[in-house]
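Before any comments, here is the structure.
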Amino acid sequence: MLQDIRNNAQGTIAKVIIGLLIVSLSIWGMDAIVGGFSGEPEVATVNGEDITEREFLRVVQMESQRRLSRMENPDPSMLDEDQIRTDVLDSLIQEQVLIQDANAQGLELNDADIDALITQMPQFQVDGQFNRDRFVATVRNMGMGVGEFREAMRKQYVVNQIRAGIVQSGLVADENAEQLLQIQNQTRSFRVLDIPASSVADAVSVSDADVEAFYEENSGAFQQPERVDAAYITLSLGALAESIEVDDAELQAYYEQQAADLASEERRASHILIEEGSDADETMATIQERLAAGESFADLAREYSIDTVSAEDGGDLGYAGRGIYAEPFEEALFALEEGEVSEPVRTSFGVHLIRLEDVRESEVPSLDEMEDQLRRELAREKAREQFAEVRAELADSAYAADDLAGPAEELGLEVREANGVTRDGGQAPFDHAGLVRQLFSEDVLDAGYNTELIDVGDNVSVVARVNKYHEAEQLPLDQVRDQIRTTLEQRKTREALSERADAIIADLESGESPEGIGEWSSYEGLARNASEAGPAILQQVFSLPRPADGARFGKAVMANSAAVIALDEVTDGQVSEDGTELNQLREFLASLEGQREYAAYQQFLRNRAEVERP
């Protein structure tokens with residue numbers, strides 16, 4: 001048997017196979033030929049095609065990282081892992097449906113096409129040439145093997161072909177776009193009659209019976225939410241630094257180490273500033289020639305510089321340290337020797353010639369003057385070295401402990417308490433959503449464990465546990481009576497304002513002139529985004545039908561006033577058939593229609609698919 005294998009291995013077919021394997025390994029690596037020889041558990045089956053657990057977990061990891069990257073302060077405890085897994089599985093099922101549809105339509109890429117795409121991708125190139133090492137490293141950083149990446153490209157390319165074809169086929173009638181643009185650019189002329197809340201104050205009253213009835217009818221709105229009393233330990237870099245002693249020898253050594261940085265250098269500069277423009281280089285060349293011929297820098301500054309303030313002093317800008325001037329100006333200034341003039345320097349202000357007039361250094365403050373500041377800095381540096389170690393110890397100790405007293409005593413920390421923490425949080429540190437979510441988790445709330453150690457701020461970590469749980473309970477009427485009365489007064493005021501506006505409109509529409517209504521305010525030709533009238537009034541103005549015979553009337557009711565609106569005239573916006581605005585709107589509407597059609601196509605395929613989930 002072994003001899004047969006040896007003989008066959010010398011044959012032509014074997015040599016061809018081995019050659020192909022060597023080429024694949026040299027270009028793509030071992031991942032190109034492994035991964036398909038072992039079965040994998042599946043998380044779903046779509047029309048008989050499996051979605052593997054490995055692929056699912058890889059995409060879950062990538063989606064978790066994507067959501068973390070979108071956070072202002074990335075915090076893994078803020079991630080809803082169950083929701084991520086649900087979203088990822090749904091997206092993979094949809095993707096598999098689309099891939100199968102593409103295959104059914106005969107859309108596919110062969111290996112040569114994929115290789116061509118990969119070798120042309122800029123992220124895999126070095127100095128404009130495909131680099132295998134960069135390709136493999138980049139793919140592995142994505143959590144994928146080379147074979148997986150190639151297959152993902154094959155799938156996505158054909159799916160995108162279908163998507164692009166449907167989206168780009170979206171059409172919109174020219175008259176629809178023109179009509180929409182006319183409406184969008186429409187202006188309206190109208191009058192507004194203000195009705196203040198004071199005018200209906202006599203009609204608004206709230207009795208004790210009203211309050212009690214509202215309380216009974218809306219009892220669910222007056223509940224104290226479930227809450228917990230919590231114990232917690234805070235570990236912070238600042239507190240750790242306060243506990244660290246710095247001896248005099250350490251302080252002296254640190255002062256000497258920092259002395260060079262404590263002496264600040266300031267440079268006195270003069271400059272000639274001219275405007276940037278087509279003749280700037282020529283003007284600068286003329287100035288440089290005159291300087292080389294021996295003319296005074298100060299005289300040339302007075303003649304040419306557009307910085308009129310410094311020009312009066314021969315371009316003198318006085319002394320300044322780093323961080324004052326624009327970066328290109330600063331770099332040029334601090335590269336000069338005393339008396340030297342720079343080459344032209346371009347900044348957002350224009351083009352400069354810079355001359356270094358003088359250099360001075362401030363004296364180093366004494367140790368006595370800086371002792372307190374240096375002690376704090378040194379203590380904080382030492383604390384930073386210890387923080388990671390103490391944090392790890394606290395995390396391990398709290399995880400294994402049945403309370404917080406032990407970990408606190410072990411590390412010299414204090415156990416604190418916070419009462420009345422709800423699912424919406426509480427005072428710091430329970431204003432951190434990740435910590436609150438853990439506090440109300442099943443393991444902590446029901447099983448009595450400590451939370452994980454959560455980073456709630458920069459170098460601040462907290463571990464907590466539940467001391468006592470309080471169920472939601474009804475708030476007594478006396479506690480919410482004033483709140484209810486205010487709510488009812490506001491509601492009745494709005495109702496009275498609305499009724500008063502309706503009465504005025506009825507009189508106006510019948511041709512009568514209501515008494516005591518005040519003065520109308522007129523607005524001519526306002527667009528939808530005008531700022532002269534309030535948003536509530538504009539919204540109502542542009543929702544009224546076009547007036548026919550006489551004005552159209554409407555009303556807008558706000559918290560403390562109402563307005564009767566008389567729409568007098570509507571002017572359609574002007575539309576240029578060849579204008580940029582109309583063309584952009586056509587393209588936008590066509591794109592929306594194409595996306596709508598593609599979404600409907602996706603849903604059609606999804607509804608028709610047979611999906612099995614273990």
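Residues in the structure tokens are numbered from 1 in each chain, the chains being A, B, ... in the order shown, and ligands are numbered from 1 in the order shown.
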(request) Mind listing the strand (DSSP E or B) residues of segment 144-266 of chain A, per DSSP on the backbone, as a ChimeraX atom specification? (result) /A:187-196,223-224,227-236,265-266
(message) List as JSON, numbers by chain the protein and nucleic acid residues near Leu526 of chain A, meaning an atom at most 12 Å away when only C-alpha atoms are counted, but skip any in the same chain fewer than 3 places from it.
(response) {"A": [185, 186, 187, 188, 189, 190, 191, 522, 523, 529, 530, 531, 532, 533, 534, 537, 538, 539, 541, 542, 567, 568, 569, 570, 571, 572, 573]}
(request) Do a neighbour search on segment 409-425 of chain A at 10 Å with only C-alpha atoms, toss out local chain neighbours closer than 4 positions, and write the hits as a PyMOL selection string. (result) chain A and resi 224-235+239-240+390-391+393-394+397+404-405+429-437+439-440+463-470+472
(message) According to DSSP computed on the backbone, where in segment 44-177 of chain A is there helix (DSSP H, G or I)? Give the residues as number ranges by chain.
(response) A: 53-69, 76-78, 81-104, 111-120, 122-124, 132-141, 146-167, 174-177
(message) Please determine, counting only C-alpha atoms, which residue among A:Arg54, A:Ile244, A:Glu265, A:Tyr215 has the shortest atom-to-atom distance to Gln479 of chain A.
(response)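 Residue with the minimum atom-to-atom distance to Gln479 of chain A: A:Tyr215.
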(request) For atom CA of Asp316 of chain A and atom CA of His271 of chain A, determine how far apart the two atoms are, in Å to one decimal place. (result)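 So the answer is 6.7 Å.
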(message) For a quick check of understanding, using only C-alpha atoms, which of A:Pro328, A:Gly525, A:Pro196, A:Pro344 has the smallest distance to Asp281 of chain A?
(response)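 Looking only at the distances to Asp281 of chain A, the closest residue turns out to be A:Pro344.
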(message) If I take atom CA of Glu337 of chain A and atom CA of Arg322 of chain A, how far is one from the other in Å, to one decimal?
(response)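 We find that atom CA of Glu337 of chain A and atom CA of Arg322 of chain A lie 16.0 Å from each other.
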(message) Just want the 9 Å neighbourhood of Leu374 of chain A, counted on only C-alpha atoms, with same-chain residues fewer than 4 positions away dropped. Output as a list in words.
(response)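 The residues that qualify are Leu251, Tyr254, Tyr255, Leu367, Met370, Leu378 and Ala379 of chain A.
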Restricted to N, CA and C atoms, what would the selected residues look like written as a tab-separated table (two decimals), in the first residue's frame?
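result-v6.tsv was written with the following content:
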chain	number	residue	atom	x	y	z
A	251	LEU	N	11.54	63.58	45.34
A	251	LEU	CA	11.11	64.88	44.87
A	251	LEU	C	12.27	65.65	44.24
A	254	TYR	N	13.13	64.17	40.86
A	254	TYR	CA	12.10	64.49	39.88
A	254	TYR	C	12.21	65.95	39.43
A	255	TYR	N	12.52	66.85	40.40
A	255	TYR	CA	12.69	68.27	40.08
A	255	TYR	C	13.85	68.46	39.11
A	367	LEU	N	12.66	74.82	43.75
A	367	LEU	CA	11.96	73.64	44.23
A	367	LEU	C	10.88	74.02	45.24
A	370	MET	N	7.68	75.06	43.58
A	370	MET	CA	6.94	74.04	42.81
A	370	MET	C	6.73	72.75	43.58
A	378	LEU	N	4.27	63.59	40.75
A	378	LEU	CA	5.04	62.36	40.99
A	378	LEU	C	4.15	61.28	41.61
A	379	ALA	N	3.28	61.69	42.54
A	379	ALA	CA	2.36	60.72	43.15
A	379	ALA	C	1.42	60.13	42.10
(message) From the options A:Arg360, A:Arg140, A:Gln168, A:Arg150, which residue's atoms come nearest to Thr119 of chain A, counting only C-alpha atoms?
(response)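 Among A:Arg360, A:Arg140, A:Gln168, A:Arg150, it is A:Arg150 that comes nearest to Thr119 of chain A.
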(request) Enter the distance from atom CA of Leu475 of chain A to atom CA of Gly220 of chain A, in Å, rounded to one decimal. (result)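 Spanning atom CA of Leu475 of chain A to atom CA of Gly220 of chain A is a straight-line distance of 9.6 Å.
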(request) Between A:Ala556, A:Leu109, A:Val345, A:Leu181, single out the one closest to Thr580 of chain A, counting only C-alpha atoms. (result)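 Distance minimum relative to Thr580 of chain A lands on A:Leu181.
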